[in-house]
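Participant: What follows is work_23.pdb; its format and atoms are PDB, C-alpha atoms and all ligand atoms.
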ATOM      1  CA  MET L 501     -19.771   0.160  14.549
ATOM      2  CA  ALA L 502     -18.444   3.527  15.630
ATOM      3  CA  ASP L 503     -14.816   2.373  15.606
ATOM      4  CA  GLU L 504     -14.872   1.115  12.008
ATOM      5  CA  ALA L 505     -14.412   3.029   8.772
ATOM      6  CA  LEU L 506     -14.679   2.212   5.097
ATOM      7  CA  ILE L 507     -11.916   3.794   3.029
ATOM      8  CA  VAL L 508     -12.711   4.051  -0.674
ATOM      9  CA  VAL L 509      -9.489   4.610  -2.595
ATOM     10  CA  ASP L 510      -9.355   6.643  -5.826
ATOM     11  CA  LEU L 511     -12.646   5.572  -7.427
ATOM     12  CA  GLN L 512     -12.069   8.162 -10.135
ATOM     13  CA  ILE L 513     -12.828   8.379 -13.848
ATOM     14  CA  ASP L 514      -9.165   8.280 -14.915
ATOM     15  CA  PHE L 515      -8.726   4.866 -13.263
ATOM     16  CA  CYS L 516     -11.786   3.403 -14.992
ATOM     17  CA  PRO L 517     -11.956   2.037 -18.558
ATOM     18  CA  GLY L 518     -11.713   4.967 -20.992
ATOM     19  CA  GLY L 519      -9.717   7.029 -18.485
ATOM     20  CA  ALA L 520      -6.101   8.175 -18.647
ATOM     21  CA  LEU L 521      -4.705   5.353 -16.496
ATOM     22  CA  PRO L 522      -7.397   2.718 -16.814
ATOM     23  CA  VAL L 523      -7.556  -0.224 -14.450
ATOM     24  CA  GLU L 524      -9.201  -3.237 -16.071
ATOM     25  CA  GLY L 525     -12.708  -3.618 -14.692
ATOM     26  CA  GLY L 526     -12.251  -0.563 -12.477
ATOM     27  CA  ASP L 527     -15.855   0.488 -12.850
ATOM     28  CA  ASP L 528     -17.174  -3.025 -12.105
ATOM     29  CA  ILE L 529     -16.716  -2.410  -8.395
ATOM     30  CA  VAL L 530     -19.016   0.623  -8.233
ATOM     31  CA  PRO L 531     -22.269  -1.251  -7.338
ATOM     32  CA  LEU L 532     -20.510  -3.290  -4.649
ATOM     33  CA  VAL L 533     -18.837  -0.211  -3.154
ATOM     34  CA  ASN L 534     -22.155   1.653  -3.193
ATOM     35  CA  GLY L 535     -23.669  -1.146  -1.126
ATOM     36  CA  MET L 536     -20.781  -1.128   1.349
ATOM     37  CA  VAL L 537     -20.991   2.641   1.798
ATOM     38  CA  GLN L 538     -24.465   2.197   3.302
ATOM     39  CA  SER L 539     -23.305  -0.215   5.984
ATOM     40  CA  PHE L 540     -20.433   1.755   7.553
ATOM     41  CA  GLU L 541     -20.855   4.480  10.122
ATOM     42  CA  HIS L 542     -17.734   6.230   8.818
ATOM     43  CA  VAL L 543     -16.924   6.566   5.131
ATOM     44  CA  ILE L 544     -13.692   8.195   3.986
ATOM     45  CA  LEU L 545     -12.559   8.708   0.396
ATOM     46  CA  THR L 546      -9.200   9.336  -1.194
ATOM     47  CA  GLN L 547      -8.810  11.298  -4.410
ATOM     48  CA  ASP L 548      -5.649  11.271  -6.519
ATOM     49  CA  TRP L 549      -5.143  14.991  -7.238
ATOM     50  CA  HIS L 550      -2.098  16.003  -9.243
ATOM     51  CA  PRO L 551      -1.051  19.419 -10.554
ATOM     52  CA  PRO L 552      -0.183  19.580 -14.282
ATOM     53  CA  HIS L 553       3.401  18.422 -14.956
ATOM     54  CA  HIS L 554       3.482  16.344 -11.794
ATOM     55  CA  SER L 555       6.823  14.592 -11.296
ATOM     56  CA  SER L 556       5.142  11.150 -11.428
ATOM     57  CA  PHE L 557       4.104  11.783 -15.043
ATOM     58  CA  ALA L 558       6.387  10.284 -17.725
ATOM     59  CA  SER L 559       5.693  13.427 -19.771
ATOM     60  CA  SER L 560       7.585  15.461 -17.171
ATOM     61  CA  HIS L 561      10.817  13.551 -17.882
ATOM     62  CA  ASP L 562      12.548  13.797 -21.270
ATOM     63  CA  GLY L 563      12.770  10.477 -23.065
ATOM     64  CA  ARG L 564      10.868   8.509 -20.443
ATOM     65  CA  ALA L 565       7.771   6.407 -21.052
ATOM     66  CA  PRO L 566       4.846   5.480 -18.813
ATOM     67  CA  PHE L 567       5.372   2.423 -16.578
ATOM     68  CA  GLU L 568       9.153   2.855 -16.486
ATOM     69  CA  GLU L 569      10.808   3.477 -13.130
ATOM     70  CA  ILE L 570      13.055   6.380 -12.161
ATOM     71  CA  GLU L 571      15.012   7.261  -9.068
ATOM     72  CA  MET L 572      13.643  10.247  -7.182
ATOM     73  CA  PRO L 573      15.200  11.857  -4.073
ATOM     74  CA  TYR L 574      12.652   9.885  -2.002
ATOM     75  CA  GLY L 575      13.179   6.528  -3.737
ATOM     76  CA  THR L 576      12.091   4.602  -6.810
ATOM     77  CA  GLN L 577       9.057   6.011  -8.588
ATOM     78  CA  THR L 578       6.975   4.408 -11.340
ATOM     79  CA  LEU L 579       6.148   6.856 -14.116
ATOM     80  CA  TRP L 580       2.538   7.181 -15.214
ATOM     81  CA  PRO L 581       0.539   8.668 -18.043
ATOM     82  CA  ASP L 582      -0.771  12.127 -17.093
ATOM     83  CA  HIS L 583      -3.813  11.430 -14.906
ATOM     84  CA  CYS L 584      -6.107  12.879 -12.227
ATOM     85  CA  ILE L 585      -5.167  16.470 -12.924
ATOM     86  CA  GLN L 586      -6.663  18.812 -10.360
ATOM     87  CA  GLY L 587     -10.099  19.998 -11.459
ATOM     88  CA  SER L 588     -10.157  17.898 -14.648
ATOM     89  CA  GLY L 589     -13.012  15.586 -15.580
ATOM     90  CA  GLY L 590     -10.749  12.570 -15.173
ATOM     91  CA  ALA L 591     -10.016  13.470 -11.564
ATOM     92  CA  ALA L 592     -13.724  13.399 -10.711
ATOM     93  CA  PHE L 593     -15.207  10.445  -8.865
ATOM     94  CA  HIS L 594     -17.004   7.853 -10.982
ATOM     95  CA  PRO L 595     -20.428   9.393 -11.674
ATOM     96  CA  ASN L 596     -22.327   6.344 -10.355
ATOM     97  CA  PHE L 597     -20.301   6.143  -7.159
ATOM     98  CA  ASN L 598     -22.563   7.229  -4.326
ATOM     99  CA  ARG L 599     -20.268   9.306  -2.176
ATOM    100  CA  ALA L 600     -22.976  11.315  -0.394
ATOM    101  CA  ARG L 601     -22.178   9.684   2.960
ATOM    102  CA  ALA L 602     -18.451  10.442   2.820
ATOM    103  CA  GLU L 603     -17.330  12.487   5.845
ATOM    104  CA  LEU L 604     -13.764  13.154   4.701
ATOM    105  CA  ILE L 605     -11.964  13.264   1.371
ATOM    106  CA  ILE L 606      -8.187  12.987   1.518
ATOM    107  CA  ARG L 607      -6.572  14.413  -1.598
ATOM    108  CA  LYS L 608      -3.090  13.160  -2.371
ATOM    109  CA  GLY L 609      -0.272  13.695  -4.810
ATOM    110  CA  PHE L 610      -0.942  17.427  -4.891
ATOM    111  CA  ARG L 611       2.698  18.463  -4.458
ATOM    112  CA  ARG L 612       4.493  18.518  -7.791
ATOM    113  CA  SER L 613       7.769  17.044  -6.546
ATOM    114  CA  ILE L 614       6.431  13.939  -4.796
ATOM    115  CA  ASP L 615       3.807  11.294  -5.437
ATOM    116  CA  SER L 616       1.500   9.833  -2.803
ATOM    117  CA  TYR L 617       0.034   6.363  -3.193
ATOM    118  CA  SER L 618      -0.923   5.873   0.423
ATOM    119  CA  ALA L 619      -3.798   7.619   2.166
ATOM    120  CA  PHE L 620      -1.465   8.024   5.179
ATOM    121  CA  PHE L 621       1.949   9.099   3.864
ATOM    122  CA  GLU L 622       3.453  10.602   0.726
ATOM    123  CA  ASN L 623       5.895   8.388  -1.167
ATOM    124  CA  ASP L 624       8.806   9.470   1.064
ATOM    125  CA  HIS L 625       6.980   7.330   3.684
ATOM    126  CA  ALA L 626       7.523  10.241   6.089
ATOM    127  CA  THR L 627       5.197  13.146   5.246
ATOM    128  CA  PRO L 628       1.797  12.428   6.801
ATOM    129  CA  THR L 629      -1.522  13.289   5.151
ATOM    130  CA  GLY L 630      -3.178  13.737   8.543
ATOM    131  CA  LEU L 631      -5.449  10.700   8.142
ATOM    132  CA  ALA L 632      -3.993   8.742  11.079
ATOM    133  CA  GLY L 633      -4.596  11.670  13.411
ATOM    134  CA  TYR L 634      -8.136  12.123  12.123
ATOM    135  CA  LEU L 635      -8.957   8.458  12.694
ATOM    136  CA  ARG L 636      -7.431   8.399  16.183
ATOM    137  CA  GLU L 637      -9.211  11.554  17.291
ATOM    138  CA  ARG L 638     -12.493  10.045  16.125
ATOM    139  CA  GLY L 639     -11.836   6.740  17.911
ATOM    140  CA  ILE L 640     -11.679   4.714  14.699
ATOM    141  CA  SER L 641      -9.405   1.671  14.976
ATOM    142  CA  SER L 642     -10.524  -0.724  12.274
ATOM    143  CA  LEU L 643     -10.463  -0.042   8.537
ATOM    144  CA  THR L 644     -11.911  -1.752   5.491
ATOM    145  CA  LEU L 645     -10.259  -0.681   2.247
ATOM    146  CA  VAL L 646     -11.686  -0.927  -1.271
ATOM    147  CA  GLY L 647     -11.041   0.788  -4.594
ATOM    148  CA  LEU L 648      -8.292   1.332  -7.162
ATOM    149  CA  ALA L 649      -5.693   0.195  -7.632
ATOM    150  CA  THR L 650      -5.162  -2.971  -5.579
ATOM    151  CA  ASP L 651      -1.391  -3.027  -6.137
ATOM    152  CA  PHE L 652      -0.685   0.696  -5.654
ATOM    153  CA  CYS L 653      -2.878   3.057  -3.684
ATOM    154  CA  VAL L 654      -4.970   0.380  -1.946
ATOM    155  CA  ALA L 655      -1.934  -1.729  -0.985
ATOM    156  CA  TYR L 656       0.220   1.166   0.225
ATOM    157  CA  SER L 657      -2.692   2.514   2.247
ATOM    158  CA  ALA L 658      -3.345  -0.868   3.859
ATOM    159  CA  LEU L 659       0.355  -1.395   4.698
ATOM    160  CA  ASP L 660       0.580   2.045   6.289
ATOM    161  CA  ALA L 661      -2.708   1.476   8.153
ATOM    162  CA  VAL L 662      -1.229  -1.583   9.841
ATOM    163  CA  SER L 663       2.081   0.174  10.554
ATOM    164  CA  GLN L 664       0.097   2.972  12.194
ATOM    165  CA  GLY L 665      -1.654   0.498  14.481
ATOM    166  CA  PHE L 666      -4.999   0.141  12.730
ATOM    167  CA  ALA L 667      -6.625  -3.165  11.913
ATOM    168  CA  ALA L 668      -6.972  -3.335   8.129
ATOM    169  CA  THR L 669      -9.036  -5.516   5.824
ATOM    170  CA  VAL L 670      -8.816  -5.249   2.040
ATOM    171  CA  ARG L 671     -11.952  -6.499   0.304
ATOM    172  CA  LEU L 672     -10.441  -7.830  -2.896
ATOM    173  CA  ASP L 673     -13.822  -8.260  -4.575
ATOM    174  CA  ALA L 674     -14.207  -4.475  -4.362
ATOM    175  CA  CYS L 675     -10.717  -3.692  -5.732
ATOM    176  CA  ARG L 676      -9.076  -3.934  -9.142
ATOM    177  CA  GLY L 677      -5.334  -3.863  -9.914
ATOM    178  CA  ILE L 678      -3.002  -2.347 -12.515
ATOM    179  CA  ASP L 679      -0.532  -5.296 -12.408
ATOM    180  CA  ILE L 680       2.852  -4.205 -13.747
ATOM    181  CA  GLY L 681       5.338  -7.075 -13.780
ATOM    182  CA  GLY L 682       3.420  -9.132 -11.230
ATOM    183  CA  SER L 683       2.805  -6.230  -8.874
ATOM    184  CA  VAL L 684      -0.592  -7.535  -7.773
ATOM    185  CA  SER L 685       0.808 -10.791  -6.399
ATOM    186  CA  THR L 686       3.861  -8.985  -4.927
ATOM    187  CA  MET L 687       1.667  -6.546  -3.045
ATOM    188  CA  LEU L 688      -0.823  -9.225  -1.932
ATOM    189  CA  GLY L 689       2.153 -11.065  -0.423
ATOM    190  CA  LYS L 690       3.397  -7.937   1.341
ATOM    191  CA  MET L 691      -0.045  -7.184   2.732
ATOM    192  CA  LYS L 692      -0.504 -10.725   3.992
ATOM    193  CA  ALA L 693       2.933 -10.691   5.646
ATOM    194  CA  ALA L 694       2.168  -7.372   7.317
ATOM    195  CA  GLY L 695      -1.049  -8.649   8.864
ATOM    196  CA  VAL L 696      -3.595  -7.100   6.509
ATOM    197  CA  THR L 697      -6.710  -9.266   6.297
ATOM    198  CA  LEU L 698      -7.476 -10.086   2.677
ATOM    199  CA  GLY L 699     -11.218 -10.645   2.395
TER
HETATM  200  C1  LIG L 701      -2.591   5.222  -8.451
HETATM  201  C2  LIG L 701      -0.843   5.152  -9.920
HETATM  202  C3  LIG L 701      -0.751   6.519  -9.918
HETATM  203  C4  LIG L 701      -3.614   4.461  -7.666
HETATM  204  C5  LIG L 701      -2.502   6.589  -8.418
HETATM  205  O1  LIG L 701      -4.660   5.042  -7.320
HETATM  206  O2  LIG L 701      -3.379   3.269  -7.392
HETATM  207  N1  LIG L 701      -1.751   4.511  -9.198
HETATM  208  N2  LIG L 701      -1.587   7.232  -9.158
HETATM  209 ZN    ZN L 702      -1.506   9.339  -9.362
END
Go through the file and emit its structure as structure tokens.

Facilitator:
Amino acid sequence: MADEALIVVDLQIDFCPGGALPVEGGDDIVPLVNGMVQSFEHVILTQDWHPPHHSSFASSHDGRAPFEEIEMPYGTQTLWPDHCIQGSGGAAFHPNFNRARAELIIRKGFRRSIDSYSAFFENDHATPTGLAGYLRERGISSLTLVGLATDFCVAYSALDAVSQGFAATVRLDACRGIDIGGSVSTMLGKMKAAGVTLG
């Protein structure tokens, strides 16, 4: 359907087993996602794309460790191992992911001072990536989201999709989560409450 798009979130080497910020079973979804890519008229990808010394990296903050939280001017931020550094091998898409049909790649997290989980807004929830405008101009109103990680970039993207007036379905069989302190179930609850269809 011309008004539907598949959004594949951050299917990158660093989020797969052996990567810098591995999501358990992250690469298991590749065959399923490859099949889905063939059945959507519009396919859009996101790519986590950080400069070295990004402010979301624990290594950028003295005495802080990955998976701790800090307060940033834009709100609470989880700190991560260095990952998805612009141009690095780990920032590349999974080699078996068939992204030939992708019409748009939204890169995010490329400003050093602010992270961006969502495909729509940076973590200040105010600075747009331009995706909503792209979708509207192309007449796309319904989104299916898959990828990594369920409880961060997929969830924030789905919540913003709904808040921007798009219908959003998250295909959980084609997602995998990081799960820090129950974050998968917290974010599933938030998505459900917001009207995201969990498929
Ligand atoms: C992500 C943590 C840091 C994600 C990206 O893709 O879910 N998580 N950067
Ligand atoms: Zn990141």

Participant: Have a look at CA of Ala600 in chain L and CA of Leu506 in chain L and let me know their distance in Å, one decimal.

Facilitator: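 Straight-line distance from CA of Ala600 in chain L to CA of Leu506 in chain L works out to 13.5 Å.
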
Participant: For a quick check of understanding, using all atoms listed in the file, which of L:Ala667, L:Ile640, L:Val696, L:Cys516 has the smallest distance to Val543 in chain L?

Facilitator: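 So, comparing all the options, the nearest one is L:Ile640.
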
Participant: Apply the PyMOL selection byres (((chain L and resi 597-599) around 10) and not hetatm) to the structure shown and report the selected residues as a PyMOL selection string.

Facilitator: chain L and resi 508+511-512+527+529-535+537-538+543-545+593-596+600-603+605

Participant: At a cut-off of 10 Å, using all atoms listed in the file, what residues contact Ala694 in chain L? Leave out same-chain residues fewer than 2 positions from it and give the result as a PDB file with C-alpha atoms, in the frame of the given file.

Facilitator:
ATOM      1  CA  ALA L 658      -3.345  -0.868   3.859  1.00  0.00           C
ATOM      2  CA  LEU L 659       0.355  -1.395   4.698  1.00  0.00           C
ATOM      3  CA  ASP L 660       0.580   2.045   6.289  1.00  0.00           C
ATOM      4  CA  VAL L 662      -1.229  -1.583   9.841  1.00  0.00           C
ATOM      5  CA  SER L 663       2.081   0.174  10.554  1.00  0.00           C
ATOM      6  CA  LEU L 688      -0.823  -9.225  -1.932  1.00  0.00           C
ATOM      7  CA  GLY L 689       2.153 -11.065  -0.423  1.00  0.00           C
ATOM      8  CA  LYS L 690       3.397  -7.937   1.341  1.00  0.00           C
ATOM      9  CA  MET L 691      -0.045  -7.184   2.732  1.00  0.00           C
ATOM     10  CA  LYS L 692      -0.504 -10.725   3.992  1.00  0.00           C
ATOM     11  CA  VAL L 696      -3.595  -7.100   6.509  1.00  0.00           C
ATOM     12  CA  THR L 697      -6.710  -9.266   6.297  1.00  0.00           C
TER      13      THR L 697
END

Participant: Give me, as a Markdown table, the closest atom pair and its distance (Å, one decimal) for every residue of chain L within a cut-off of 7 Å of ligand LIG 701 (chain L), counting all atoms listed in the file, rows sorted by chain and rising number.

Facilitator:
| residue | atom | partner | partner_atom | distance |
| --- | --- | --- | --- | --- |
| L:Val509 | CA | L:LIG701 | O1 | 6.8 |
| L:Asp510 | CA | L:LIG701 | O1 | 5.2 |
| L:Asp548 | CA | L:LIG701 | C5 | 6.0 |
| L:Trp580 | CA | L:LIG701 | C3 | 6.3 |
| L:Tyr617 | CA | L:LIG701 | C5 | 5.8 |
| L:Leu648 | CA | L:LIG701 | O1 | 5.2 |
| L:Ala649 | CA | L:LIG701 | O2 | 3.9 |
| L:Thr650 | CA | L:LIG701 | O2 | 6.7 |
| L:Asp651 | CA | L:LIG701 | O2 | 6.7 |
| L:Phe652 | CA | L:LIG701 | O2 | 4.1 |
| L:Cys653 | CA | L:LIG701 | O2 | 3.7 |
| L:Val654 | CA | L:LIG701 | O2 | 6.4 |

Participant: For the residues in that selection, give me C-alpha atoms as a compact mmCIF listing (two decimals), in the coordinates of the input.

Facilitator:
# COMPACT_ATOMS: atom_id res chain seq x y z
CA VAL L 509 -9.49 4.61 -2.60
CA ASP L 510 -9.36 6.64 -5.83
CA ASP L 548 -5.65 11.27 -6.52
CA TRP L 580 2.54 7.18 -15.21
CA TYR L 617 0.03 6.36 -3.19
CA LEU L 648 -8.29 1.33 -7.16
CA ALA L 649 -5.69 0.20 -7.63
CA THR L 650 -5.16 -2.97 -5.58
CA ASP L 651 -1.39 -3.03 -6.14
CA PHE L 652 -0.68 0.70 -5.65
CA CYS L 653 -2.88 3.06 -3.68
CA VAL L 654 -4.97 0.38 -1.95

Participant: I need the residue nearest ligand ZN 702 (chain L) from this list: L:Ala626, L:Ile570, L:Ala619, L:Leu631. Use all atoms listed in the file for the distance.

Facilitator: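 Distance minimum relative to ligand ZN 702 (chain L) lands on L:Ala619.
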
Participant: With the PyMOL selection byres (((not hetatm)) within 12 of (chain L and resi 702)) as the selection, what would be picked from this file? Answer as an NGL selection string, please.

Facilitator: :L and (509-512 or 514-515 or 520-522 or 546-558 or 577-586 or 590-591 or 607-612 or 614-619 or 622-623 or 648-649 or 652-653)

Participant: Tell me which of L:Ala655, L:Phe620, L:Glu524, L:Gln664 sits closest to Ser683 in chain L, counting only C-alpha atoms.

Facilitator: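 Smallest separation from Ser683 in chain L among the options: L:Ala655.
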
Participant: To one decimal in Å, tell me the separation between CA of Ser539 in chain L and CA of Phe666 in chain L.

Facilitator: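 Atom-to-atom, CA of Ser539 in chain L and CA of Phe666 in chain L are spaced 19.5 Å apart.
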
Participant: Please compute the CA of Leu645 in chain L-CA of Thr669 in chain L distance, one decimal, in Å.

Facilitator: 6.1 Å

Participant: Report as a list in words the residues that result from applying the PyMOL selection byres (((chain L and resi 504) around 6) and not hetatm) to the structure here.

Facilitator: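 Output of the PyMOL selection byres (((chain L and resi 504) around 6) and not hetatm): Met501, Ala502, Asp503, Ala505, Ile640, Ser642 and Leu643 of chain L.
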
Participant: Considering all atoms listed in the file, state which residue in the set L:Tyr656, L:Gly699, L:Arg636, L:Gly525 is at the smallest distance from Asp673 in chain L.

Facilitator: L:Gly699

Participant: Have range 578-589 of chain L completed to all heavy atoms, please, and pass it along as a PDB file, keeping the file's coordinate frame.

Facilitator:
ATOM      1  N   THR L 578       7.512   4.812 -10.040  1.00  0.00           N
ATOM      2  CA  THR L 578       6.975   4.408 -11.340  1.00  0.00           C
ATOM      3  C   THR L 578       6.420   5.633 -12.037  1.00  0.00           C
ATOM      4  O   THR L 578       5.802   6.493 -11.397  1.00  0.00           O
ATOM      5  CB  THR L 578       5.866   3.350 -11.150  1.00  0.00           C
ATOM      6  OG1 THR L 578       6.412   2.228 -10.459  1.00  0.00           O
ATOM      7  CG2 THR L 578       5.299   2.891 -12.478  1.00  0.00           C
ATOM      8  N   LEU L 579       6.672   5.729 -13.335  1.00  0.00           N
ATOM      9  CA  LEU L 579       6.148   6.856 -14.116  1.00  0.00           C
ATOM     10  C   LEU L 579       4.809   6.470 -14.737  1.00  0.00           C
ATOM     11  O   LEU L 579       4.615   5.336 -15.173  1.00  0.00           O
ATOM     12  CB  LEU L 579       7.145   7.238 -15.224  1.00  0.00           C
ATOM     13  CG  LEU L 579       8.478   7.794 -14.696  1.00  0.00           C
ATOM     14  CD1 LEU L 579       9.449   8.008 -15.857  1.00  0.00           C
ATOM     15  CD2 LEU L 579       8.258   9.108 -13.937  1.00  0.00           C
ATOM     16  N   TRP L 580       3.907   7.435 -14.778  1.00  0.00           N
ATOM     17  CA  TRP L 580       2.538   7.181 -15.214  1.00  0.00           C
ATOM     18  C   TRP L 580       2.157   8.098 -16.369  1.00  0.00           C
ATOM     19  O   TRP L 580       2.755   9.171 -16.534  1.00  0.00           O
ATOM     20  CB  TRP L 580       1.576   7.438 -14.039  1.00  0.00           C
ATOM     21  CG  TRP L 580       1.910   6.648 -12.820  1.00  0.00           C
ATOM     22  CD1 TRP L 580       2.463   7.109 -11.668  1.00  0.00           C
ATOM     23  CD2 TRP L 580       1.712   5.245 -12.631  1.00  0.00           C
ATOM     24  NE1 TRP L 580       2.623   6.085 -10.774  1.00  0.00           N
ATOM     25  CE2 TRP L 580       2.174   4.934 -11.331  1.00  0.00           C
ATOM     26  CE3 TRP L 580       1.192   4.220 -13.428  1.00  0.00           C
ATOM     27  CZ2 TRP L 580       2.127   3.644 -10.822  1.00  0.00           C
ATOM     28  CZ3 TRP L 580       1.151   2.938 -12.915  1.00  0.00           C
ATOM     29  CH2 TRP L 580       1.619   2.653 -11.627  1.00  0.00           C
ATOM     30  N   PRO L 581       1.133   7.692 -17.119  1.00  0.00           N
ATOM     31  CA  PRO L 581       0.539   8.668 -18.043  1.00  0.00           C
ATOM     32  C   PRO L 581      -0.027   9.838 -17.208  1.00  0.00           C
ATOM     33  O   PRO L 581      -0.362   9.633 -16.033  1.00  0.00           O
ATOM     34  CB  PRO L 581      -0.609   7.889 -18.707  1.00  0.00           C
ATOM     35  CG  PRO L 581      -0.450   6.449 -18.307  1.00  0.00           C
ATOM     36  CD  PRO L 581       0.406   6.410 -17.085  1.00  0.00           C
ATOM     37  N   ASP L 582      -0.121  11.007 -17.800  1.00  0.00           N
ATOM     38  CA  ASP L 582      -0.771  12.127 -17.093  1.00  0.00           C
ATOM     39  C   ASP L 582      -2.169  11.671 -16.656  1.00  0.00           C
ATOM     40  O   ASP L 582      -2.919  11.115 -17.467  1.00  0.00           O
ATOM     41  CB  ASP L 582      -0.942  13.336 -18.028  1.00  0.00           C
ATOM     42  CG  ASP L 582       0.385  13.987 -18.428  1.00  0.00           C
ATOM     43  OD1 ASP L 582       1.429  13.320 -18.355  1.00  0.00           O
ATOM     44  OD2 ASP L 582       0.336  15.171 -18.826  1.00  0.00           O
ATOM     45  N   HIS L 583      -2.516  11.890 -15.404  1.00  0.00           N
ATOM     46  CA  HIS L 583      -3.813  11.430 -14.906  1.00  0.00           C
ATOM     47  C   HIS L 583      -4.235  12.260 -13.699  1.00  0.00           C
ATOM     48  O   HIS L 583      -3.399  12.877 -13.037  1.00  0.00           O
ATOM     49  CB  HIS L 583      -3.741   9.940 -14.510  1.00  0.00           C
ATOM     50  CG  HIS L 583      -2.835   9.696 -13.339  1.00  0.00           C
ATOM     51  ND1 HIS L 583      -1.467   9.604 -13.470  1.00  0.00           N
ATOM     52  CD2 HIS L 583      -3.086   9.567 -12.016  1.00  0.00           C
ATOM     53  CE1 HIS L 583      -0.917   9.420 -12.286  1.00  0.00           C
ATOM     54  NE2 HIS L 583      -1.870   9.399 -11.376  1.00  0.00           N
ATOM     55  N   CYS L 584      -5.524  12.254 -13.431  1.00  0.00           N
ATOM     56  CA  CYS L 584      -6.107  12.879 -12.227  1.00  0.00           C
ATOM     57  C   CYS L 584      -5.568  14.288 -11.995  1.00  0.00           C
ATOM     58  O   CYS L 584      -5.126  14.629 -10.891  1.00  0.00           O
ATOM     59  CB  CYS L 584      -5.883  12.003 -10.999  1.00  0.00           C
ATOM     60  SG  CYS L 584      -6.763  10.433 -11.110  1.00  0.00           S
ATOM     61  N   ILE L 585      -5.623  15.084 -13.046  1.00  0.00           N
ATOM     62  CA  ILE L 585      -5.167  16.470 -12.924  1.00  0.00           C
ATOM     63  C   ILE L 585      -6.239  17.294 -12.212  1.00  0.00           C
ATOM     64  O   ILE L 585      -7.432  17.198 -12.540  1.00  0.00           O
ATOM     65  CB  ILE L 585      -4.799  17.028 -14.308  1.00  0.00           C
ATOM     66  CG1 ILE L 585      -3.602  16.199 -14.822  1.00  0.00           C
ATOM     67  CG2 ILE L 585      -4.490  18.519 -14.237  1.00  0.00           C
ATOM     68  CD1 ILE L 585      -2.963  16.682 -16.064  1.00  0.00           C
ATOM     69  N   GLN L 586      -5.782  18.032 -11.244  1.00  0.00           N
ATOM     70  CA  GLN L 586      -6.663  18.812 -10.360  1.00  0.00           C
ATOM     71  C   GLN L 586      -7.730  19.552 -11.161  1.00  0.00           C
ATOM     72  O   GLN L 586      -7.421  20.341 -12.050  1.00  0.00           O
ATOM     73  CB  GLN L 586      -5.824  19.822  -9.569  1.00  0.00           C
ATOM     74  CG  GLN L 586      -4.859  19.145  -8.615  1.00  0.00           C
ATOM     75  CD  GLN L 586      -3.861  20.107  -7.997  1.00  0.00           C
ATOM     76  OE1 GLN L 586      -3.847  21.297  -8.303  1.00  0.00           O
ATOM     77  NE2 GLN L 586      -2.999  19.587  -7.122  1.00  0.00           N
ATOM     78  N   GLY L 587      -8.983  19.288 -10.835  1.00  0.00           N
ATOM     79  CA  GLY L 587     -10.099  19.998 -11.459  1.00  0.00           C
ATOM     80  C   GLY L 587     -10.532  19.446 -12.805  1.00  0.00           C
ATOM     81  O   GLY L 587     -11.541  19.890 -13.353  1.00  0.00           O
ATOM     82  N   SER L 588      -9.790  18.460 -13.333  1.00  0.00           N
ATOM     83  CA  SER L 588     -10.157  17.898 -14.648  1.00  0.00           C
ATOM     84  C   SER L 588     -11.291  16.885 -14.487  1.00  0.00           C
ATOM     85  O   SER L 588     -11.541  16.367 -13.391  1.00  0.00           O
ATOM     86  CB  SER L 588      -8.942  17.216 -15.282  1.00  0.00           C
ATOM     87  OG  SER L 588      -8.606  16.045 -14.556  1.00  0.00           O
ATOM     88  N   GLY L 589     -11.941  16.585 -15.617  1.00  0.00           N
ATOM     89  CA  GLY L 589     -13.012  15.586 -15.580  1.00  0.00           C
ATOM     90  C   GLY L 589     -12.514  14.232 -15.130  1.00  0.00           C
ATOM     91  O   GLY L 589     -13.209  13.509 -14.418  1.00  0.00           O
TER      92      GLY L 589
END
